[in-house]
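Participant: Here you go, one structure.
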There are 2 protein chains.
Amino acid sequence: MKQKITLKHIAKELDVSVSTVSKALKDSVEISLDTRQKVKAFAKLYNYKPNNIALSLKNRKTKTLGIIIPEIVHHFFTTVIGGVEKVANEKGYNVIICSSNNSFDKEVINMEMLASGSADGFIMSVAKETQLKKDYHHIQETMSQGMPVVMFDRIIDELVCDKVIIDDAKGAQMGTNHLLSIGCKKIAIITTVDYISVGKLRTSGYLRALMAYDIPENQDYILKIEDVDNCENVIAEFLKNKDIDGVFAVNELFAVTAVKVLKKIGKNVPKDVSVVGFTDGILSKHFIPSLTTISQHGEEMGERAARLLIEKLESEEEATEEYRTVIIDTSLIERASTKKIKN
Amino acid sequence: MKQKITLKHIAKELDVSVSTVSKALKDSVEISLDTRQKVKAFAKLYNYKPNNIALSLKNRKTKTLGIIIPEIVHHFFTTVIGGVEKVANEKGYNVIICSSNNSFDKEVINMEMLASGSADGFIMSVAKETQLKKDYHHIQETMSQGMPVVMFDRIIDELVCDKVIIDDAKGAQMGTNHLLSIGCKKIAIITTVDYISVGKLRTSGYLRALMAYDIPENQDYILKIEDVDNCENVIAEFLKNKDIDGVFAVNELFAVTAVKVLKKIGKNVPKDVSVVGFTDGILSKHFIPSLTTISQHGEEMGERAARLLIEKLESEEEATEEYRTVIIDTSLIERASTKKIKN
DNA sequence: TTTTAACACGCAAACGTTTTCGTAAGTTAA
DNA sequence: TTAACTTACGAAAACGTTTGCGTGTTAAAA
């Protein structure tokens, strides 16, 4: 195994000092042209690359952004990562991704690990467990150590930091509104339990849309799902014998599962029932019928989050104790799962 | 902004030396019980965490694994990452993920970046462009600097290193065979252009299966797709007026697109045509009809790759100039897109 | 009382950089 | 010839750790 080449090696080989080598490589005028060229030629020959670790230690910054997300096998989050990487690379930053697997403990461990020298700041979306536990000490601690944190999607209201979100309520309202506007009157919602912040918000948007149409809230039309893995059964149970003409689902999986169940019980989507989902992922696009859905613009979210974080990092000392919340517009993507009701 | 606390701070505060603090925190017998307790209490109070960067520099190892994949927004790759993370965490390693976006240049940059101090070894699947270019200098360089590399899925045969793959040909053979065994006689394949190694292999497996059934190769039944984004059109063109009873697709997207096209031209899946895909992703599972497919066991791949890499890292000097290629079994998952033909 | 041993701690080097400052030699001006 | 600059380089400190070794103090053994 060859060793990695260092300044010291070059210095010894060329019989100069380490500092001379360092300066020569940086084209310092302090060093004679002759020496500079010799050093650079040698460095190139042996493919010298400065050791990032040493640089990080010296500069007290790593030039890398830490991302902590609840799940890595998740289309929305990966699109966000894509956005982050895009601007990070533009600005000369690297990206470290860790997934918490929705576990509070793993979130804490990852955060502490990255905070102890591996990243300059964070972009994160918290784990389900964290939302449930309401324990944010790890986030507060890293912030109090001077590391900026930007939260996205699943944010914590109580935490004072930059945030990038969509207006979940408004998005849901938009989706429900679409159903109303095409003539649906009996609209069910399939959502998550309330401790998932985005689920709760989307539910409220659904309600708001109904209210605007003077349709009273009806608990029979609201399904809150706890166990995602088993959602098909509970959705089947819920939809059985229900007289509806529209379904609003707060995520992709619920939406396609609803369509499946409806098909099974003999209802046609969109002829008998229109369905609107949330998140524009692979499923929505390729499913038959393709799903009308609310796009969250994950990539843009990532980009904005990265920009916010990098700005904070580069403004440094200037004590910008000012935190911003940027709201990304959602948009309705109309596809084949919704259809105007003729009368 | 509060500063991060270091040994030096603790030392000054407690009026002892840095080394005493370090030793005390490690419960060294060199230090009196009294001092040890004092130091530990103080460290806990101020939430001291050793700086990883400094440790990495000192130990000349980072305890992190670098992953380089072609795409981050890709279900299969993310499942692999999941597997890697699982065993990495078990063994006390961290994971850094970088995506090359299928760009050769970005692959090189990421690799060099990680190699210069951020990771101890690599788990990677190469970019399309790299396969096309056949330029592997960056991988060879990092290997020659003593950093172990484990390749998976899209590997490079010429490179001498550990590898984790599935037997793509065998998997494709298994899939095609399934079609044959249920009575299909006219089986088309939708595959990629040949420079994608896995596409080529899967095509050969398809051919092998046919051969075993004494069915001659028929170019009319083979579609090689270059432009993935526009695959629907070319698949539609390909399938139009074609007399077939089975389709084998080398990935999920091609499979669902084929089903869609078939539906459009009035053929029922699986009644008229059976379809088998490759990769067990979200689409295959939730599509209607759900897709019979070949599972690549991505998570297991990740686990094996991580194990191989960590073994290499920990065996260290013992000059294990021995490289292994582990082949993960594929399996057929039978679902609703294939059906026995009655006669 | 002297020698020895145990104890508790500090010094300094090392990891690979960068950068400030100091300085020897050479050059120019007085 | 001497003073004042240049030029070209080296020494050393710093970033935060760990660790082998040296050392002063005290207590036990001779």
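Naming works like this for the structure tokens: A, B, ... for the chains as they're shown, residue 1 at the start of each chain, ligands 1 onward in shown order.
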What are the DSSP strand (DSSP E or B) residues of segment 154-309 of chain A, as a compact mmCIF listing (two decimals) with N, CA and C atoms, in the first residue's frame?
Facilitator:
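Final file, out-v2.txt:
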```txt
# COMPACT_ATOMS: atom_id res chain seq x y z
N ASP A 162 -33.65 29.08 10.55
CA ASP A 162 -34.18 29.21 9.19
C ASP A 162 -35.03 27.99 8.85
N LYS A 163 -36.05 28.24 8.07
CA LYS A 163 -36.93 27.15 7.69
C LYS A 163 -37.36 27.26 6.23
N VAL A 164 -37.50 26.14 5.62
CA VAL A 164 -38.04 26.11 4.26
C VAL A 164 -39.20 25.13 4.24
N ILE A 165 -40.35 25.63 3.95
CA ILE A 165 -41.53 24.77 3.96
C ILE A 165 -42.42 25.08 2.77
N ILE A 166 -43.36 24.22 2.58
CA ILE A 166 -44.44 24.60 1.71
C ILE A 166 -45.59 24.97 2.64
N ILE A 187 -66.49 14.59 -0.24
CA ILE A 187 -65.04 14.37 -0.35
C ILE A 187 -64.47 13.83 0.94
N ALA A 188 -63.83 12.68 0.82
CA ALA A 188 -63.16 12.10 1.98
C ALA A 188 -61.70 12.52 2.00
N ILE A 189 -61.08 12.48 3.19
CA ILE A 189 -59.64 12.72 3.27
C ILE A 189 -58.99 11.54 3.95
N ILE A 190 -57.88 11.13 3.39
CA ILE A 190 -57.08 10.09 4.03
C ILE A 190 -55.79 10.75 4.47
N THR A 191 -55.59 10.81 5.77
CA THR A 191 -54.47 11.58 6.29
C THR A 191 -53.74 10.79 7.38
N THR A 192 -52.76 11.45 7.98
CA THR A 192 -51.99 10.78 9.03
C THR A 192 -52.49 11.21 10.39
N ILE A 222 -63.29 11.43 7.39
CA ILE A 222 -61.90 11.67 7.74
C ILE A 222 -61.26 10.39 8.27
N LEU A 223 -60.19 9.97 7.61
CA LEU A 223 -59.48 8.78 8.07
C LEU A 223 -58.06 9.18 8.44
N LYS A 224 -57.69 8.92 9.70
CA LYS A 224 -56.32 9.22 10.13
C LYS A 224 -55.57 7.91 10.34
N ILE A 225 -54.52 7.74 9.59
CA ILE A 225 -53.82 6.46 9.59
C ILE A 225 -52.56 6.52 10.43
N GLY A 246 -65.24 11.99 -4.13
CA GLY A 246 -63.89 12.54 -4.20
C GLY A 246 -63.05 12.08 -3.02
N VAL A 247 -61.75 11.91 -3.25
CA VAL A 247 -60.83 11.56 -2.16
C VAL A 247 -59.62 12.47 -2.24
N PHE A 248 -59.29 13.04 -1.11
CA PHE A 248 -58.03 13.78 -1.03
C PHE A 248 -57.10 13.00 -0.11
N ALA A 249 -55.91 12.64 -0.62
CA ALA A 249 -54.96 11.86 0.17
C ALA A 249 -53.73 12.71 0.44
N SER A 274 -63.20 10.94 -7.96
CA SER A 274 -61.94 11.61 -8.32
C SER A 274 -60.99 11.54 -7.14
N VAL A 275 -59.70 11.40 -7.44
CA VAL A 275 -58.71 11.29 -6.37
C VAL A 275 -57.58 12.29 -6.59
N VAL A 276 -57.23 12.99 -5.52
CA VAL A 276 -56.09 13.91 -5.57
C VAL A 276 -55.08 13.48 -4.52
N GLY A 277 -53.82 13.45 -4.92
CA GLY A 277 -52.76 13.07 -3.98
C GLY A 277 -51.92 14.26 -3.56
N PHE A 278 -50.83 13.96 -2.87
CA PHE A 278 -49.91 15.00 -2.44
C PHE A 278 -48.50 14.47 -2.70
N THR A 292 -53.66 13.10 -10.27
CA THR A 292 -53.68 14.53 -10.02
C THR A 292 -53.10 14.74 -8.62
N THR A 293 -52.22 15.70 -8.50
CA THR A 293 -51.52 15.79 -7.22
C THR A 293 -51.01 17.20 -6.94
N ILE A 294 -50.61 17.41 -5.71
CA ILE A 294 -50.01 18.68 -5.32
C ILE A 294 -48.51 18.50 -5.31
N SER A 295 -47.83 19.28 -6.14
CA SER A 295 -46.38 19.14 -6.18
C SER A 295 -45.72 19.98 -5.10
```
Participant: What are the closest atom pairs, with distances in Å to one decimal, for each residue of chain B lying within 8 Å of chain D, using only C-alpha atoms (C1' of nucleotides), rows by chain and rising residue number, as a tab-separated table?
Facilitator:
```
residue	atom	partner	partner_atom	distance
B:Thr6	CA	D:DG16	C1'	7.1
B:Leu7	CA	D:DG16	C1'	7.5
B:Ser22	CA	D:DT18	C1'	7.7
B:Pro50	CA	D:DT17	C1'	7.9
B:Asn51	CA	D:DG16	C1'	6.5
B:Ala54	CA	D:DG16	C1'	5.1
B:Leu55	CA	D:DT17	C1'	5.6
B:Lys58	CA	D:DT17	C1'	6.6
```
Participant: Restricting the calculation to only C-alpha atoms (C1' of nucleotides), which member of C:DA24, C:DC7, C:DA13, C:DA30 is positioned closest to chain B?
Facilitator: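 That would be C:DC7, the residue with the smallest distance to chain B.
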Participant: Any chance you could list, as a ChimeraX atom specification, the residues in segment 33-258 of chain B that come up helix (DSSP H, G or I) when DSSP is run on the backbone?
Facilitator: /B:33-45,52-59,75-90,104-118,128-133,137-144,168-181,197-212,219-221,228-239,252-258
Participant: Skip His9 of chain A itself and residues of its chain fewer than 4 positions away, then list as a ChimeraX atom specification all residues within 12 Å of it, counting only C-alpha atoms (C1' of nucleotides).
Facilitator: /A:3-5,13-18,21-22,39,42-43,46,48 /C:16
Participant: Which of these, C:DG22, C:DA29, C:DA8, C:DT17, has the shortest distance to chain B once you count only C-alpha atoms (C1' of nucleotides)?
Facilitator: C:DA8
Participant: I want to know what sits within 10 Å of segment 78-82 of chain A, based on only C-alpha atoms (C1' of nucleotides), with residues of the same chain fewer than 2 positions away left out; could you give that as a ChimeraX atom specification?
Facilitator: /A:67-69,71-76,84-88,95-97,123,152-153,281,296-306 /B:71-75,78,99,101
Participant: Can you check which residues of chain C have any atom within 7 Å of chain B? Use only C-alpha atoms (C1' of nucleotides) and format it as a VMD selection string.
Facilitator: chain C and resid 8 to 10 15
Participant: When distances are computed from only C-alpha atoms, which of A:Leu65, A:Gly171, A:Asp105, A:Asn251 shows the smallest separation from Asp329 of chain A?
Facilitator: A:Gly171
Participant: Residues near Pro289 of chain A, anyone? I mean within 9 Å using only C-alpha atoms (C1' of nucleotides), not counting same-chain ones fewer than 3 positions away, as a PyMOL selection string.
Facilitator: chain A and resi 259+269-270+284-286+335-337
